[in-house]
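Chemist: Here it is: the structure, laid out below.
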Amino acid sequence: MEKIIETKLINFDNYNNALFEAVEVLKSGELVAFPTETVYGLGADGLNPDAILKIFKTKGRKSDNPLILHISDLEMLKKLTIQPLNDIIKIAEKYWPGPLTIILKKSKIVPDEITAGLDTVAIRMPDNKFALDLIKNLDRPVAAPSANLSGKPSPTDAATCMKDLDGKIPLIIDGGNTRFGLESTVVDLTQKPYAILRPGAITYEELKDFLGDVEIDSHILGKSETPRAPGQKYTHYAPEASAYLVSGSNSEKLEKIKEFIKENKDIKIGILASEEFLKDVENSIEKYNLGSIEDLETYGSLIFRGLRDLDDRKVDVIICEAVDETGLGLAIMNRLKKSTGNKFI
Ligand code: TXA
Ligand code: MG
């Protein structure tokens with residue numbers, strides 16, 4: 001039997017105290033869930049192998065899925081990689097702090113527990129004051145995957161972390177709702193052309209503009225089975241309900257949903273969609289409003305929250321509205337395809 005521990009939830013009423021407690025937890029080799037600008041992270045001292053292993057155990061994460069090291073300044077970056085840094089510093093200065101994770105050749109000080117045995121390491125500087133202060137005060141990189149149980153939608157608030165991790169970790173820091181609600185873009189800088197291994201808030205179009213030579217890993221585009229980011233091969237972001245995508249014009253989508261209801265009588269259906277589409281959907285269906293289809297930043301920030309919310313309303317099926325796979329739409333569809341197992345109605 002796993003030991004049940006008491007999980008403390010603290011907010012920023014006393015910011016310095018929250019920071020102090022979180023640093024103490026990390027120093028003692030334990031885990032803390034904390035806010036970043038993307039999703040909440042489940043943090044451990046990134047240079048302490050025993051603490052890192054607790055992340056895998058707590059989440060039920062497969063041991064071949066490497067973790068991201070979070071840093072607070074470029075001095076830390078220099079210690080973690082053996083790659084020449086000229087070009088990389090330019091990229092870091094442009095996008096950090098922010099939702100971009102870079103893959104580099106690792107240095108010796110990076111524990112194998114972080115990289116799952118690979119000779120590369122994922123690094124990012126989060127754009128969140130608390131996260132940065134935590135790393136600075138620990139004075140070491142913080143290892144952190146998203147603070148959910150493996151397979152579930154990532155948490156965008158502290159209450160969701162509590163749902164997944166209560167009794168499993170000593171401390172959760174409540175820093176409110178995260179801004180992006182989608183995990184960082186992961187880009188491999190170990191070889192050219194650079195490659196996006198996981199789409200995120202920094203879009204392919206933006207990166208192409210800045211870097212020139214960058215491609216999207218063919219797995220993301222559905223063209224190959226084997227992803228270069230190991231995490232992309234696992235079932236992910238899945239709600240309790242069975243989930244489907246629906247695409248097409250608004251009238252086509254409505255027609256498909258009507259058909260689906262006809263074929264599946266007596267089940268409770270939820271819909272995760274834009275306000276433009278939801279206004280035409282009948283009211284017997286549970287709705288979660290992702291805001292305007294014109295505002296993909298808000299849309300993306302709410303999808304994980306929406307999946308969890310519809311689960312709380314005990315629907316049997318969740319139907320998610322597909323968006324175009326350009327700009328932020330690529331990251332949104334990457335998450336929704338995984339949530340639904342790429343099933344369309
Ligand atoms: O926004 C984020 O990135 C959040 C916050 C907490 O920072 N973190 C996050 O971590 O999403 P996680 O562990 O859920 O996802 C990390 C992704 C996985 O797909 C993993 O396979 C990939 O990064 N990754 C990590 N190290 C890698 C490496 N050396 N090579 C290729 N992919 C790597
Ligand atoms: Mg994750």
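Each chain in the structure tokens gets a letter, A, B and so on, in the order shown; residues start at 1 in every chain, and ligands are counted from 1 in the order they appear.
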Please extract the residues at most 7 Å from ligand 2, counting only C-alpha atoms and all ligand atoms, and provide them as a PyMOL selection string, using the chain letters and residue numbers of this document.

Modeler: chain A and resi 145-146+154

Chemist: Next, the residues of the selection above should be written as a PDB file, in the first residue's frame with all heavy atoms.

Modeler:
ATOM      1  N   PRO A 145       7.015  17.806 -14.866  1.00  0.00           N
ATOM      2  CA  PRO A 145       5.999  17.518 -15.879  1.00  0.00           C
ATOM      3  C   PRO A 145       4.715  18.219 -15.448  1.00  0.00           C
ATOM      4  O   PRO A 145       4.676  18.853 -14.383  1.00  0.00           O
ATOM      5  CB  PRO A 145       5.831  16.004 -15.762  1.00  0.00           C
ATOM      6  CG  PRO A 145       6.055  15.740 -14.305  1.00  0.00           C
ATOM      7  CD  PRO A 145       7.047  16.775 -13.820  1.00  0.00           C
ATOM      8  N   SER A 146       3.673  18.091 -16.242  1.00  0.00           N
ATOM      9  CA  SER A 146       2.389  18.636 -15.820  1.00  0.00           C
ATOM     10  C   SER A 146       1.907  17.878 -14.570  1.00  0.00           C
ATOM     11  O   SER A 146       2.178  16.691 -14.420  1.00  0.00           O
ATOM     12  CB  SER A 146       1.379  18.515 -16.955  1.00  0.00           C
ATOM     13  OG  SER A 146       1.431  17.214 -17.518  1.00  0.00           O
ATOM     14  N   SER A 154      -4.137  18.004 -18.477  1.00  0.00           N
ATOM     15  CA  SER A 154      -3.230  18.768 -17.620  1.00  0.00           C
ATOM     16  C   SER A 154      -3.993  19.777 -16.767  1.00  0.00           C
ATOM     17  O   SER A 154      -4.988  20.345 -17.215  1.00  0.00           O
ATOM     18  CB  SER A 154      -2.202  19.508 -18.476  1.00  0.00           C
ATOM     19  OG  SER A 154      -1.483  18.594 -19.266  1.00  0.00           O
TER      20      SER A 154
END

Chemist: Could you go through range 157-310 of chain A and tell me which residues DSSP, when run on the backbone, assigns to alpha helix (DSSP H), listing them as a ChimeraX atom specification?

Modeler: /A:158-165,204-211,250-263,275-278,296-310

Chemist: Return as a PyMOL selection string every polymer residue, whether protein, DNA or RNA, with at least one atom no more than 8 Å from an atom of ligand 1; count only C-alpha atoms and all ligand atoms.

Modeler: chain A and resi 35-42+65-68+70+99-101+103-104+114-116+118-124+126+144-147+154+182-186+188+197-198+228-232

Chemist: Would you tabulate, counting only C-alpha atoms, all residues of range 156-237 of chain A that have an atom at most 10 Å from an atom of range 78-92 of chain A, showing the closest pair of atoms and their distance in Å to one decimal, sorted by chain then ascending number, as CSV?

Modeler:
residue,atom,partner,partner_atom,distance
A:Leu189,CA,A:Ile88,CA,8.0
A:Thr190,CA,A:Gln83,CA,8.0
A:Leu207,CA,A:Ile91,CA,9.4
A:Phe210,CA,A:Ile91,CA,8.4
A:Leu211,CA,A:Ile91,CA,8.1

Chemist: Might you pull out every residue within 6 Å of range 330-343 of chain A, with only C-alpha atoms counted and same-chain residues fewer than 5 positions away left off, and present them as a VMD selection string?

Modeler: chain A and resid 199 to 200 236 to 238 243 to 244 300 325

Chemist: Skipping near chain neighbours, those fewer than 4 positions away, what residues fall within 8 Å of range 277-280 of chain A using only C-alpha atoms, listed as a PyMOL selection string?

Modeler: chain A and resi 250+254+273+287+289

Chemist: Generate the output file for the selected residues, N, CA, C and O atoms, as a tab-separated table (two decimals), in the first residue's frame.

Modeler:
chain	number	residue	atom	x	y	z
A	250	ASN	N	-20.75	24.81	-39.66
A	250	ASN	CA	-21.65	24.73	-38.50
A	250	ASN	C	-22.86	23.84	-38.78
A	250	ASN	O	-23.26	23.04	-37.93
A	254	LEU	N	-23.80	20.38	-36.82
A	254	LEU	CA	-25.10	20.19	-36.17
A	254	LEU	C	-25.76	18.91	-36.65
A	254	LEU	O	-26.33	18.14	-35.86
A	273	ALA	N	-17.15	23.56	-27.13
A	273	ALA	CA	-17.14	24.25	-28.43
A	273	ALA	C	-17.15	25.76	-28.27
A	273	ALA	O	-17.32	26.29	-27.17
A	287	LYS	N	-23.25	21.96	-22.09
A	287	LYS	CA	-22.33	22.75	-22.93
A	287	LYS	C	-21.15	23.28	-22.13
A	287	LYS	O	-21.33	23.67	-20.98
A	289	ASN	N	-18.44	26.34	-22.87
A	289	ASN	CA	-18.17	27.41	-23.81
A	289	ASN	C	-16.68	27.79	-23.82
A	289	ASN	O	-16.15	28.22	-22.81

Chemist: Which value, in Å to one decimal, gives the distance between CA of Leu302 in chain A and CA of Thr156 in chain A?

Modeler: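 Separation between CA of Leu302 in chain A and CA of Thr156 in chain A: 8.5 Å.
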
Chemist: With distances taken over only C-alpha atoms, which residue among A:Ile267, A:Ala158, A:Leu290, A:Leu31 lies nearest Leu53 in chain A?

Modeler: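 Of all the options, A:Leu31 lies closest to Leu53 in chain A.
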
Chemist: Go ahead and compute the interatomic distance for CA of Ser72 in chain A and CA of Pro97 in chain A, in Å to one decimal.

Modeler: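 Between these atoms lies a distance of 8.1 Å.
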
Chemist: Would you mind telling me which residue in A:Ser274, A:Thr58, A:Asn137, A:Thr298 lies nearest to Lys3 in chain A when using only C-alpha atoms?

Modeler: A:Thr58

Chemist: Select, from A:Ser251, A:Ile303, A:Lys163, A:Ser150, the residue with the minimum atom-to-atom distance to Lys57 in chain A, counting only C-alpha atoms.

Modeler: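 Between A:Ser251, A:Ile303, A:Lys163, A:Ser150, the residue approaching Lys57 in chain A most closely is A:Ser150.
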
Chemist: Rounded to one decimal in Å, what is the spacing between CA of Asp157 in chain A and CA of Thr178 in chain A?

Modeler: 6.5 Å

Chemist: Under the rule that only C-alpha atoms are counted, which of A:Leu19, A:Leu149, A:Met125, A:Val317 is the nearest residue to Asp266 in chain A?

Modeler: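 Answer, going by the shortest atom-to-atom distance: A:Val317.
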